[in-house]
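To start, the structure under review is shown below, and the notes come after it.
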Amino acid sequence: MNANELRSKYIEFFKSKNHVEISGQSLIPENDPSVLFTMAGMHPLVPYLLGEKHPSGTRLTDYQKCIRTGDIEEVGDPSHLTCFEMLGNWSLGDYFKKESIAYSYEFLTSPQWLALDPKKISVTVFAGDENAPRDEEAAQIWKDNGMPEDKIAYLPASDNWWAAGPTGPCGPDTEIFYWVGEGLPPVGSNKGTDSGNWMEIWNNVFMQYNRVDEKTLLPLEKKNVDTGMGLERTNCILQGKTSVYLTEVFQPIIKTIEVLSGYTYGTDEEKDKSVRIIADHTRSSVFILGDQRGVTPDRVGAGYVLRRLIRRAVRHGMKLGIEKDFMAEIAATVIENFKGPYPELEANREKVYKELTAEEAKFRLTLKKGEAEFQKLLPNLMKNPKKIISGKVAYNLYETYGYPLELTQELGAENGFTVDVEGFKEAERKHQEASKTVDAGAAKGGLAEQSEVTTKYHTATHLLQQALVNVLGDQVAQKGSNINNERMRFDFTFERPMTKEEIQKVEDIVNEKIKEDLPVTMEVMPLDKAKAEGARALFTNKYGEDVKVYTIGRDAKSDWFSKEVCGGPHVQHTAQIGDFKIQKEQSSSAGVRRIRAVISGGLPLDK
Ligand code: SER
């Protein structure tokens with residue numbers, strides 16, 4: 001079996017259990033200031049896990065591209081990835097623990113499906129704490145399915161409680177592990193007794209609660225199931241391989257790196273690590289740039305993460321001795337291998353090449369500047385009799401010029417210096433602490449925070465987009481939006497700054513539509529019908545898939561101002577938005593403008 005077959009089988013299995021296949025979504029979450037990227041298959045489903053009705057029903061399945069860069073510096077070992085696919089199935093107030101566990105076990109072990117050896121499978125369940133009791137129910141269901149008692153480990157919330165963010169839907173989970181040690185697992189071996197030899201492949205979360213704040217956990221009206229299976233890892237164990245990089249998911253990428261560098265993978269541990277970093281980071285960069293709502297390298301936010309991925313890959317390319325720009329060449333292999341399940345990569349092929357090459361060039365220039373700066377510092381450094389470059393100086397070169405520590409070490413060594421690496425790390429740690437505080441602030445609202453204010457901003461976004469099209473023309477396309485309780489930001493394609501008059505006109509149109517107090521209505525229909533009716537849609541859904549269409553206007557068929565495919569939620573009528581004011585219009589990146597706007601007043605939402 002290969003990854004493509006596994007993906008199809010998974011979907012096919014859950015379809016046979018009456019699930020509807022839905023489309024995975026963009027990597028860039030819409031209207032969610034708390035996360036930079038979609039980090040789990042369930043992220044796009046948060047509103048539905050909190051009770052909103054899903055257009056495709058109560059049993060859903062999909063595959064979702066995800067980015068997790070929390071531990072980017074650790075990537076390079078044989079199993080960690082910054083970009084991965086998650087296979088998922090959901091019950092929205094439909095079945096619960098019994099069916100969920102039975103389905104998972106059947107899919108994994110049935111000869112008709114994955115046919116994994118039950119002896120090599122063990123599980124964990126929630127041990128219980130002050131928030132919720134020990135999950136005896138899940139454990140009993142496992143036993144009823146044939147799982148021996150000694151293969152069930154009861155672990156605390158740090159292992160067996162899943163939450164998407166500081167607030168929002170959450171609950172105990174049961175995780176499924178596969179034996180990756182030699183032969184068969186010894187009697188009594190499970191994740192609790194022998195952590196290193198068991199690899200997690202699937203997580204079934206029983207979402208029974210909504211965390212409202214630090215102290216308050218409320219039971220959800222409807223109990224949900226959210227499961228996520230790691231595609232690359234499961235594919236790896238199905239093939240009996242020891243590393244995801246040895247599977248067909250990464251092999252073509254590694255082959256391309258071998259050709260570019262002349263190095264053969266598997267001959268030198270240090271160089272292998274560089275190959276893995278290049279493979280993983282290039283794949284992530286291609287997925288981020290080639291996303292339906294793709295971002296470009298930037299100094300902040302998701303764009304900054306992308307920049308770091310690209311630069312780290314280039315740096316390791318240099319270590320392997322690749323002299324020329326190479327990212328676009330590897331990108332071609334990535335696109336070739338993933339355009340089937342992710343057609344947006346093909347659609348954005350040129351953009352991916354262009355941005356990668358531009359960023360690579362920028363980085364090489366940065367390195368030159370860093371080197372020049374080092375030469376400037378040299379006479380002063382020479383005065384230091386111990387010939388040590390302080391951590392502060394090295395960190396400053398890195399922070400200000402993007403000049404990597406290893407290069408400072410190299411240049412230093414050429415001139416007889418050593419670098420105070422501990423001091424560098426100390427300076428880095430201080431810096432990270434400062435930026436973590438900022439991150440925590442950004443995440444305070446929590447992933448699931450859909451307050452009244454953010455709902456109002458969301459509807460204002462739809463009005464703004466239509467107003468922009470009316471004033472500036474059809475070349476205006478949404479590039480991203482970001483909402484919190486204080487303001488909205490809206491990025492759109494447009495070649496030049498807007499004039500004062502244009503800004504005023506757009507603001508006036510939005511306010512006029514608010515004053516007209518137009519009804520906001522929602523209808524579920526297949527995507528092709530939505531498009532035929534003139535609805536604006538991002539390239540995220542499959543043809544024929546049922547989607548929600550939000551219309552702002554007196555009549556959803558004949559007299560409307562805005563119509564968009566969108567998950568919602570929205571206000572019921574536009575007077576609930578209040579006064580709309582554009583505060584700023586500025587450049588966001590080449591060919592993209594950014595508007596910052598605020599709303600105030602407005603009627604309360606109907607309950
Ligand atoms: N939300 C869970 C996870 O990400 C299961 O999908 O692991």
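Naming works like this for the structure tokens: A, B, ... for the chains as they're shown, residue 1 at the start of each chain, ligands 1 onward in shown order.
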Considering only C-alpha atoms, return as a PyMOL selection string whatever protein or nucleic-acid residues lie within 6 Å of range 238-249 of chain A, sequence-local ones (same chain, fewer than 3 positions apart) excluded.
chain A and resi 78-79+235
Residues at most 12 Å from ligand 1, using only C-alpha atoms and all ligand atoms? Could they come as a short mmCIF file (atom, residue, chain, number, x, y, z; two decimals) with all heavy atoms, in the first residue's frame?
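Writing the result to part00.cif gives the following:
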data_model
loop_
_atom_site.label_atom_id
_atom_site.label_comp_id
_atom_site.auth_asym_id
_atom_site.auth_seq_id
_atom_site.Cartn_x
_atom_site.Cartn_y
_atom_site.Cartn_z
N THR A 38 -3.55 25.99 9.99
CA THR A 38 -4.39 24.86 10.34
C THR A 38 -3.46 23.77 10.87
O THR A 38 -2.61 23.28 10.14
CB THR A 38 -5.15 24.36 9.11
OG1 THR A 38 -5.99 25.42 8.65
CG2 THR A 38 -5.99 23.14 9.41
N MET A 39 -3.62 23.42 12.15
CA MET A 39 -2.67 22.50 12.77
C MET A 39 -3.25 21.10 12.97
O MET A 39 -2.54 20.19 13.38
CB MET A 39 -2.23 23.04 14.12
CG MET A 39 -1.39 24.29 13.98
SD MET A 39 -0.69 24.78 15.56
CE MET A 39 -2.16 25.17 16.47
N ALA A 40 -4.55 20.95 12.76
CA ALA A 40 -5.17 19.64 12.92
C ALA A 40 -6.38 19.57 12.00
O ALA A 40 -6.93 20.59 11.59
CB ALA A 40 -5.62 19.44 14.37
N GLY A 41 -6.76 18.34 11.68
CA GLY A 41 -7.89 18.15 10.78
C GLY A 41 -9.16 18.78 11.30
O GLY A 41 -10.04 19.16 10.54
N MET A 42 -9.25 18.90 12.64
CA MET A 42 -10.50 19.40 13.20
C MET A 42 -10.62 20.93 13.19
O MET A 42 -11.70 21.46 13.38
CB MET A 42 -10.71 18.87 14.61
CG MET A 42 -9.60 19.13 15.60
SD MET A 42 -9.56 20.80 16.23
CE MET A 42 -11.06 20.76 17.21
N HIS A 43 -9.53 21.64 12.97
CA HIS A 43 -9.61 23.11 13.05
C HIS A 43 -10.74 23.72 12.23
O HIS A 43 -11.51 24.51 12.75
CB HIS A 43 -8.27 23.74 12.64
CG HIS A 43 -7.38 23.95 13.82
ND1 HIS A 43 -6.08 24.38 13.72
CD2 HIS A 43 -7.61 23.78 15.14
CE1 HIS A 43 -5.56 24.46 14.92
NE2 HIS A 43 -6.45 24.08 15.79
N PRO A 44 -10.85 23.33 10.95
CA PRO A 44 -11.92 23.94 10.17
C PRO A 44 -13.32 23.55 10.65
O PRO A 44 -14.31 24.13 10.23
CB PRO A 44 -11.69 23.41 8.74
CG PRO A 44 -10.28 22.92 8.74
CD PRO A 44 -10.00 22.46 10.13
N LEU A 45 -13.38 22.56 11.54
CA LEU A 45 -14.70 22.07 11.97
C LEU A 45 -15.14 22.61 13.33
O LEU A 45 -16.21 22.26 13.82
CB LEU A 45 -14.69 20.54 12.01
CG LEU A 45 -14.72 19.93 10.60
CD1 LEU A 45 -13.97 18.64 10.55
CD2 LEU A 45 -16.15 19.75 10.13
N VAL A 46 -14.33 23.49 13.90
CA VAL A 46 -14.64 23.99 15.25
C VAL A 46 -16.08 24.52 15.39
O VAL A 46 -16.79 24.14 16.32
CB VAL A 46 -13.60 25.03 15.72
CG1 VAL A 46 -14.07 25.77 16.96
CG2 VAL A 46 -12.28 24.33 16.01
N LEU A 49 -18.33 21.62 15.72
CA LEU A 49 -18.15 20.86 16.97
C LEU A 49 -18.81 21.61 18.12
O LEU A 49 -19.16 21.03 19.15
CB LEU A 49 -16.66 20.63 17.24
CG LEU A 49 -15.99 19.67 16.25
CD1 LEU A 49 -14.47 19.75 16.33
CD2 LEU A 49 -16.43 18.22 16.49
N THR A 61 -16.10 12.81 6.83
CA THR A 61 -14.73 12.32 6.73
C THR A 61 -13.96 13.18 5.73
O THR A 61 -14.55 13.72 4.79
CB THR A 61 -14.69 10.83 6.34
OG1 THR A 61 -13.34 10.37 6.33
CG2 THR A 61 -15.29 10.59 4.95
N ASP A 62 -12.64 13.32 5.93
CA ASP A 62 -11.84 14.08 4.97
C ASP A 62 -10.35 13.82 5.16
O ASP A 62 -9.95 13.07 6.05
CB ASP A 62 -12.12 15.59 5.08
CG ASP A 62 -11.45 16.26 6.27
OD1 ASP A 62 -10.73 15.58 7.03
OD2 ASP A 62 -11.63 17.47 6.46
N TYR A 63 -9.55 14.42 4.30
CA TYR A 63 -8.11 14.51 4.54
C TYR A 63 -7.75 15.97 4.54
O TYR A 63 -8.30 16.76 3.77
CB TYR A 63 -7.31 13.71 3.49
CG TYR A 63 -7.48 14.15 2.06
CD1 TYR A 63 -6.61 15.08 1.48
CD2 TYR A 63 -8.50 13.62 1.26
CE1 TYR A 63 -6.75 15.47 0.15
CE2 TYR A 63 -8.65 14.01 -0.06
CZ TYR A 63 -7.77 14.93 -0.61
OH TYR A 63 -7.91 15.32 -1.92
N GLN A 64 -6.87 16.35 5.45
CA GLN A 64 -6.57 17.77 5.64
C GLN A 64 -5.06 17.98 5.73
O GLN A 64 -4.39 17.34 6.52
CB GLN A 64 -7.25 18.26 6.94
CG GLN A 64 -6.86 19.65 7.39
CD GLN A 64 -7.43 20.75 6.50
OE1 GLN A 64 -8.61 20.75 6.16
NE2 GLN A 64 -6.58 21.67 6.07
N LYS A 65 -4.56 18.90 4.93
CA LYS A 65 -3.14 19.27 5.06
C LYS A 65 -2.98 20.12 6.32
O LYS A 65 -3.84 20.95 6.62
CB LYS A 65 -2.69 20.04 3.82
CG LYS A 65 -3.62 21.18 3.43
CD LYS A 65 -3.21 21.83 2.13
CE LYS A 65 -4.25 22.87 1.72
NZ LYS A 65 -3.93 23.61 0.51
N CYS A 66 -1.91 19.90 7.05
CA CYS A 66 -1.69 20.63 8.30
C CYS A 66 -0.24 21.12 8.36
O CYS A 66 0.65 20.51 7.78
CB CYS A 66 -1.90 19.72 9.51
SG CYS A 66 -3.52 18.96 9.61
N ILE A 67 -0.04 22.21 9.07
CA ILE A 67 1.32 22.72 9.34
C ILE A 67 1.48 22.88 10.84
O ILE A 67 0.64 23.49 11.50
CB ILE A 67 1.54 24.10 8.65
CG1 ILE A 67 1.51 23.97 7.14
CG2 ILE A 67 2.83 24.75 9.14
CD1 ILE A 67 2.81 23.56 6.48
N ARG A 68 2.52 22.28 11.38
CA ARG A 68 2.87 22.51 12.80
C ARG A 68 4.33 22.85 12.85
O ARG A 68 5.18 22.03 12.54
CB ARG A 68 2.65 21.24 13.63
CG ARG A 68 1.21 21.03 14.04
CD ARG A 68 1.06 19.90 15.02
NE ARG A 68 -0.33 19.46 15.00
CZ ARG A 68 -0.82 18.44 15.68
NH1 ARG A 68 -0.03 17.71 16.45
NH2 ARG A 68 -2.10 18.12 15.59
N PHE A 84 2.09 17.86 7.38
CA PHE A 84 1.61 16.48 7.32
C PHE A 84 0.15 16.46 6.94
O PHE A 84 -0.53 17.50 6.96
CB PHE A 84 1.83 15.77 8.65
CG PHE A 84 1.10 16.41 9.80
CD1 PHE A 84 -0.15 15.96 10.18
CD2 PHE A 84 1.66 17.47 10.48
CE1 PHE A 84 -0.84 16.57 11.23
CE2 PHE A 84 1.00 18.08 11.52
CZ PHE A 84 -0.25 17.63 11.90
N GLU A 85 -0.32 15.28 6.58
CA GLU A 85 -1.73 15.13 6.24
C GLU A 85 -2.43 14.39 7.37
O GLU A 85 -1.89 13.43 7.90
CB GLU A 85 -1.90 14.32 4.96
CG GLU A 85 -1.40 15.01 3.72
CD GLU A 85 -1.69 14.18 2.48
OE1 GLU A 85 -2.87 13.86 2.22
OE2 GLU A 85 -0.72 13.83 1.78
N MET A 86 -3.62 14.83 7.69
CA MET A 86 -4.39 14.15 8.70
C MET A 86 -5.67 13.60 8.08
O MET A 86 -6.39 14.33 7.40
CB MET A 86 -4.73 15.12 9.82
CG MET A 86 -4.91 14.45 11.15
SD MET A 86 -5.10 15.67 12.46
CE MET A 86 -3.80 15.18 13.55
N LEU A 87 -5.88 12.31 8.30
CA LEU A 87 -7.13 11.70 7.87
C LEU A 87 -8.09 11.81 9.04
O LEU A 87 -7.69 11.57 10.19
CB LEU A 87 -6.89 10.23 7.51
CG LEU A 87 -5.86 10.00 6.40
CD1 LEU A 87 -5.41 8.54 6.37
CD2 LEU A 87 -6.46 10.39 5.06
N GLY A 88 -9.34 12.17 8.78
CA GLY A 88 -10.24 12.39 9.92
C GLY A 88 -11.64 11.88 9.67
O GLY A 88 -12.09 11.77 8.53
N ASN A 89 -12.29 11.52 10.76
CA ASN A 89 -13.73 11.28 10.68
C ASN A 89 -14.40 11.91 11.89
O ASN A 89 -13.81 12.00 12.97
CB ASN A 89 -14.05 9.78 10.58
CG ASN A 89 -13.64 9.00 11.81
OD1 ASN A 89 -12.47 8.66 11.98
ND2 ASN A 89 -14.60 8.70 12.68
N TRP A 90 -15.62 12.40 11.67
CA TRP A 90 -16.32 13.13 12.73
C TRP A 90 -17.76 12.66 12.89
O TRP A 90 -18.42 12.32 11.91
CB TRP A 90 -16.36 14.64 12.42
CG TRP A 90 -15.00 15.23 12.56
CD1 TRP A 90 -14.44 15.72 13.70
CD2 TRP A 90 -14.02 15.35 11.53
NE1 TRP A 90 -13.16 16.13 13.45
CE2 TRP A 90 -12.88 15.91 12.13
CE3 TRP A 90 -13.99 15.04 10.18
CZ2 TRP A 90 -11.72 16.17 11.41
CZ3 TRP A 90 -12.85 15.29 9.47
CH2 TRP A 90 -11.73 15.85 10.09
N SER A 91 -18.16 12.66 14.14
CA SER A 91 -19.57 12.51 14.46
C SER A 91 -20.00 13.80 15.12
O SER A 91 -19.43 14.21 16.13
CB SER A 91 -19.76 11.34 15.42
OG SER A 91 -20.99 11.52 16.14
N ASP A 159 -1.53 13.47 28.28
CA ASP A 159 -1.54 12.54 27.14
C ASP A 159 -2.92 12.38 26.53
O ASP A 159 -3.06 12.26 25.32
CB ASP A 159 -1.08 11.14 27.61
CG ASP A 159 0.38 11.11 27.95
OD1 ASP A 159 1.17 10.90 27.03
OD2 ASP A 159 0.72 11.29 29.13
N ASN A 160 -3.92 12.27 27.39
CA ASN A 160 -5.23 11.83 26.90
C ASN A 160 -6.38 12.82 27.07
O ASN A 160 -7.51 12.45 27.38
CB ASN A 160 -5.60 10.48 27.53
CG ASN A 160 -4.84 9.33 26.90
OD1 ASN A 160 -3.69 9.09 27.25
ND2 ASN A 160 -5.45 8.65 25.94
N TRP A 161 -6.04 14.07 26.87
CA TRP A 161 -7.10 15.09 26.83
C TRP A 161 -6.78 15.99 25.67
O TRP A 161 -5.64 16.42 25.52
CB TRP A 161 -7.11 15.90 28.15
CG TRP A 161 -8.26 16.86 28.24
CD1 TRP A 161 -8.29 18.14 27.77
CD2 TRP A 161 -9.53 16.61 28.83
NE1 TRP A 161 -9.51 18.71 28.03
CE2 TRP A 161 -10.28 17.79 28.68
CE3 TRP A 161 -10.11 15.51 29.47
CZ2 TRP A 161 -11.60 17.89 29.15
CZ3 TRP A 161 -11.41 15.64 29.94
CH2 TRP A 161 -12.14 16.80 29.78
N TRP A 162 -7.73 16.23 24.80
CA TRP A 162 -7.42 17.05 23.61
C TRP A 162 -8.27 18.30 23.56
O TRP A 162 -9.48 18.26 23.73
CB TRP A 162 -7.61 16.24 22.33
CG TRP A 162 -6.66 16.71 21.26
CD1 TRP A 162 -5.40 16.25 21.03
CD2 TRP A 162 -6.89 17.74 20.29
NE1 TRP A 162 -4.82 16.94 19.98
CE2 TRP A 162 -5.70 17.85 19.51
CE3 TRP A 162 -7.95 18.60 20.01
CZ2 TRP A 162 -5.57 18.77 18.47
CZ3 TRP A 162 -7.82 19.51 18.97
CH2 TRP A 162 -6.63 19.58 18.22
N ALA A 163 -7.60 19.41 23.33
CA ALA A 163 -8.30 20.68 23.16
C ALA A 163 -7.65 21.41 22.00
O ALA A 163 -6.44 21.36 21.83
CB ALA A 163 -8.17 21.51 24.43
N ALA A 164 -8.48 22.09 21.22
CA ALA A 164 -7.94 22.77 20.05
C ALA A 164 -7.24 24.06 20.43
O ALA A 164 -6.39 24.56 19.70
CB ALA A 164 -9.06 23.07 19.07
N GLY A 165 -7.57 24.60 21.57
CA GLY A 165 -6.97 25.86 22.00
C GLY A 165 -7.31 26.10 23.45
O GLY A 165 -7.88 25.23 24.10
N GLY A 168 -12.76 26.41 23.92
CA GLY A 168 -13.37 25.70 22.80
C GLY A 168 -13.65 24.24 23.11
O GLY A 168 -13.49 23.79 24.25
N PRO A 169 -14.06 23.49 22.08
CA PRO A 169 -14.46 22.11 22.31
C PRO A 169 -13.29 21.24 22.74
O PRO A 169 -12.18 21.42 22.24
CB PRO A 169 -14.99 21.66 20.94
CG PRO A 169 -14.36 22.57 19.95
CD PRO A 169 -14.15 23.87 20.66
N CYS A 170 -13.52 20.32 23.66
CA CYS A 170 -12.43 19.48 24.16
C CYS A 170 -13.00 18.24 24.83
O CYS A 170 -14.21 18.11 24.99
CB CYS A 170 -11.57 20.25 25.15
SG CYS A 170 -12.49 20.90 26.54
N GLY A 171 -12.13 17.35 25.20
CA GLY A 171 -12.60 16.16 25.90
C GLY A 171 -11.52 15.10 26.01
O GLY A 171 -10.41 15.27 25.48
N PRO A 172 -11.83 13.99 26.69
CA PRO A 172 -10.87 12.90 26.82
C PRO A 172 -10.68 12.24 25.46
O PRO A 172 -11.57 12.29 24.61
CB PRO A 172 -11.56 11.94 27.79
CG PRO A 172 -13.02 12.20 27.63
CD PRO A 172 -13.14 13.67 27.31
N ASP A 173 -9.53 11.62 25.26
CA ASP A 173 -9.34 10.90 24.00
C ASP A 173 -8.79 9.52 24.27
O ASP A 173 -8.36 9.21 25.38
CB ASP A 173 -8.45 11.69 23.03
CG ASP A 173 -7.02 11.84 23.52
OD1 ASP A 173 -6.46 10.87 24.08
OD2 ASP A 173 -6.45 12.93 23.35
N THR A 174 -8.86 8.70 23.26
CA THR A 174 -8.18 7.41 23.32
C THR A 174 -7.24 7.38 22.13
O THR A 174 -7.62 7.73 21.01
CB THR A 174 -9.18 6.24 23.32
OG1 THR A 174 -8.45 5.00 23.38
CG2 THR A 174 -10.07 6.22 22.10
N GLU A 175 -5.97 7.07 22.38
CA GLU A 175 -4.99 7.11 21.31
C GLU A 175 -4.56 5.69 20.96
O GLU A 175 -4.45 4.83 21.83
CB GLU A 175 -3.80 7.96 21.70
CG GLU A 175 -4.23 9.38 22.04
CD GLU A 175 -3.08 10.36 22.25
OE1 GLU A 175 -1.91 9.95 22.19
OE2 GLU A 175 -3.37 11.53 22.49
N ILE A 176 -4.29 5.48 19.68
CA ILE A 176 -3.95 4.15 19.20
C ILE A 176 -2.49 4.14 18.76
O ILE A 176 -2.04 5.03 18.03
CB ILE A 176 -4.87 3.75 18.03
CG1 ILE A 176 -6.34 3.93 18.47
CG2 ILE A 176 -4.59 2.32 17.59
CD1 ILE A 176 -7.35 3.68 17.37
N GLU A 200 2.37 6.62 17.94
CA GLU A 200 0.96 7.00 17.84
C GLU A 200 0.55 7.10 16.37
O GLU A 200 1.25 7.71 15.56
CB GLU A 200 0.73 8.36 18.50
CG GLU A 200 -0.75 8.72 18.53
CD GLU A 200 -1.03 10.18 18.87
OE1 GLU A 200 -0.14 10.85 19.43
OE2 GLU A 200 -2.13 10.64 18.55
N ILE A 201 -0.59 6.47 16.04
CA ILE A 201 -1.06 6.62 14.66
C ILE A 201 -2.46 7.24 14.57
O ILE A 201 -2.83 7.77 13.53
CB ILE A 201 -1.05 5.27 13.90
CG1 ILE A 201 -1.77 4.18 14.69
CG2 ILE A 201 0.37 4.86 13.55
CD1 ILE A 201 -1.95 2.89 13.88
N TRP A 202 -3.21 7.18 15.66
CA TRP A 202 -4.59 7.67 15.54
C TRP A 202 -5.04 8.21 16.88
O TRP A 202 -4.69 7.64 17.93
CB TRP A 202 -5.51 6.51 15.12
CG TRP A 202 -6.75 6.89 14.36
CD1 TRP A 202 -7.33 8.12 14.28
CD2 TRP A 202 -7.56 6.01 13.57
NE1 TRP A 202 -8.44 8.06 13.47
CE2 TRP A 202 -8.60 6.78 13.03
CE3 TRP A 202 -7.50 4.65 13.26
CZ2 TRP A 202 -9.60 6.22 12.20
CZ3 TRP A 202 -8.48 4.10 12.44
CH2 TRP A 202 -9.51 4.88 11.90
N ASN A 203 -5.81 9.25 16.85
CA ASN A 203 -6.32 9.86 18.07
C ASN A 203 -7.83 10.05 17.95
O ASN A 203 -8.28 10.74 17.05
CB ASN A 203 -5.61 11.21 18.27
CG ASN A 203 -6.03 11.90 19.56
OD1 ASN A 203 -6.71 11.29 20.41
ND2 ASN A 203 -5.65 13.15 19.72
N ASN A 204 -8.58 9.39 18.83
CA ASN A 204 -10.03 9.55 18.82
C ASN A 204 -10.43 10.42 20.01
O ASN A 204 -10.27 10.01 21.16
CB ASN A 204 -10.73 8.20 18.94
CG ASN A 204 -10.46 7.30 17.75
OD1 ASN A 204 -9.43 7.42 17.09
ND2 ASN A 204 -11.37 6.38 17.48
N VAL A 205 -10.89 11.62 19.70
CA VAL A 205 -11.25 12.55 20.78
C VAL A 205 -12.76 12.53 20.98
O VAL A 205 -13.53 12.61 20.02
CB VAL A 205 -10.82 13.99 20.43
CG1 VAL A 205 -11.05 14.91 21.63
CG2 VAL A 205 -9.36 14.03 20.00
N PHE A 206 -13.16 12.42 22.24
CA PHE A 206 -14.59 12.42 22.56
C PHE A 206 -14.94 13.80 23.09
O PHE A 206 -14.77 14.10 24.27
CB PHE A 206 -14.89 11.31 23.57
CG PHE A 206 -14.41 9.97 23.08
CD1 PHE A 206 -13.49 9.22 23.81
CD2 PHE A 206 -14.83 9.48 21.85
CE1 PHE A 206 -13.02 8.00 23.33
CE2 PHE A 206 -14.37 8.25 21.36
CZ PHE A 206 -13.47 7.52 22.11
N MET A 207 -15.39 14.62 22.18
CA MET A 207 -15.60 16.03 22.56
C MET A 207 -16.94 16.20 23.24
O MET A 207 -17.98 16.28 22.61
CB MET A 207 -15.49 16.89 21.31
CG MET A 207 -14.08 16.87 20.79
SD MET A 207 -13.76 18.20 19.68
CE MET A 207 -12.00 18.35 19.88
N ASN A 224 -19.66 14.93 20.50
CA ASN A 224 -19.06 14.73 19.18
C ASN A 224 -17.85 13.80 19.25
O ASN A 224 -17.25 13.65 20.31
CB ASN A 224 -18.56 16.06 18.63
CG ASN A 224 -19.63 17.13 18.64
OD1 ASN A 224 -20.71 16.91 18.12
ND2 ASN A 224 -19.33 18.26 19.25
N VAL A 225 -17.51 13.26 18.10
CA VAL A 225 -16.26 12.52 17.98
C VAL A 225 -15.39 13.23 16.95
O VAL A 225 -15.89 13.64 15.89
CB VAL A 225 -16.50 11.06 17.53
CG1 VAL A 225 -15.17 10.36 17.26
CG2 VAL A 225 -17.32 10.30 18.56
N ASP A 226 -14.12 13.39 17.27
CA ASP A 226 -13.16 13.98 16.33
C ASP A 226 -11.96 13.05 16.30
O ASP A 226 -11.30 12.86 17.31
CB ASP A 226 -12.75 15.37 16.85
CG ASP A 226 -11.31 15.74 16.50
OD1 ASP A 226 -10.88 15.43 15.37
OD2 ASP A 226 -10.63 16.34 17.36
N THR A 227 -11.71 12.43 15.17
CA THR A 227 -10.52 11.58 15.13
C THR A 227 -9.54 12.09 14.08
O THR A 227 -9.91 12.71 13.10
CB THR A 227 -10.82 10.10 14.81
OG1 THR A 227 -10.71 9.87 13.40
CG2 THR A 227 -12.18 9.67 15.32
N GLY A 228 -8.27 11.82 14.33
CA GLY A 228 -7.24 12.21 13.38
C GLY A 228 -6.18 11.13 13.27
O GLY A 228 -5.64 10.67 14.27
N MET A 229 -5.94 10.69 12.05
CA MET A 229 -4.90 9.69 11.81
C MET A 229 -3.79 10.32 10.98
O MET A 229 -4.06 10.96 9.96
CB MET A 229 -5.49 8.50 11.06
CG MET A 229 -4.45 7.47 10.63
SD MET A 229 -5.11 6.26 9.48
CE MET A 229 -5.38 4.90 10.58
N GLY A 230 -2.55 10.16 11.42
CA GLY A 230 -1.43 10.72 10.67
C GLY A 230 -1.15 9.88 9.43
O GLY A 230 -0.82 8.70 9.54
N LEU A 231 -1.29 10.49 8.26
CA LEU A 231 -1.14 9.73 7.01
C LEU A 231 0.28 9.23 6.81
O LEU A 231 0.50 8.05 6.53
CB LEU A 231 -1.55 10.60 5.81
CG LEU A 231 -1.34 9.93 4.46
CD1 LEU A 231 -2.54 9.09 4.07
CD2 LEU A 231 -1.04 10.93 3.36
#
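Residues of range 87-116 of chain A that DSSP places in helix (DSSP H, G or I), based on the backbone of this structure, are A:Lys97, A:Lys98, A:Glu99, A:Ser100, A:Ile101, A:Ala102, A:Tyr103, A:Ser104, A:Tyr105, A:Glu106, A:Phe107, A:Leu108, A:Thr109.
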Of A:Arg554, A:Lys98, A:Arg233, A:Arg364, the one sitting nearest Lys143 in chain A when using only C-alpha atoms is A:Lys98
Taking 4 positions as the minimum chain separation for residues in the same chain, which residues sit within 10 Å of Glu512 in chain A when counting only C-alpha atoms? Answer as an MDAnalysis selection string.
chainID A and resid 506:508 516:517 574 579:580
Let me see the file: selected residues, N, CA, C and O atoms, as a short mmCIF file (atom, residue, chain, number, x, y, z; two decimals), in the first residue's frame.
data_model
loop_
_atom_site.label_atom_id
_atom_site.label_comp_id
_atom_site.auth_asym_id
_atom_site.auth_seq_id
_atom_site.Cartn_x
_atom_site.Cartn_y
_atom_site.Cartn_z
N VAL A 506 -15.80 53.41 -0.86
CA VAL A 506 -15.97 52.05 -0.34
C VAL A 506 -16.61 52.09 1.05
O VAL A 506 -17.58 51.38 1.34
N GLU A 507 -16.09 52.98 1.89
CA GLU A 507 -16.64 53.10 3.25
C GLU A 507 -18.12 53.49 3.19
O GLU A 507 -18.95 52.93 3.90
N ASP A 508 -18.44 54.43 2.31
CA ASP A 508 -19.83 54.88 2.18
C ASP A 508 -20.75 53.74 1.76
O ASP A 508 -21.86 53.60 2.27
N GLU A 516 -29.32 50.23 5.31
CA GLU A 516 -30.49 49.62 4.65
C GLU A 516 -31.01 48.43 5.45
O GLU A 516 -32.06 47.89 5.16
N ASP A 517 -30.22 48.00 6.43
CA ASP A 517 -30.57 46.87 7.30
C ASP A 517 -31.01 45.64 6.50
O ASP A 517 -32.12 45.10 6.67
N THR A 574 -28.04 43.49 8.66
CA THR A 574 -26.82 44.30 8.65
C THR A 574 -26.78 45.42 9.69
O THR A 574 -25.70 45.86 10.05
N ASP A 579 -21.55 51.24 12.89
CA ASP A 579 -20.76 52.11 12.01
C ASP A 579 -19.49 51.43 11.54
O ASP A 579 -18.80 50.81 12.32
N PHE A 580 -19.19 51.63 10.26
CA PHE A 580 -18.00 51.01 9.69
C PHE A 580 -17.00 52.10 9.32
O PHE A 580 -17.35 53.09 8.67
#
Set the distance at 9 Å and use only C-alpha atoms: which residues neighbour Trp198 in chain A once local chain neighbours fewer than 2 positions away are removed? I'd like the list as a list in words.
Lys120, Ile121, Ser122, Phe177, Tyr178, Trp179, Val180, Gly181, Asn190, Lys191, Asp194, Ser195, Gly196 and Glu200 of chain A
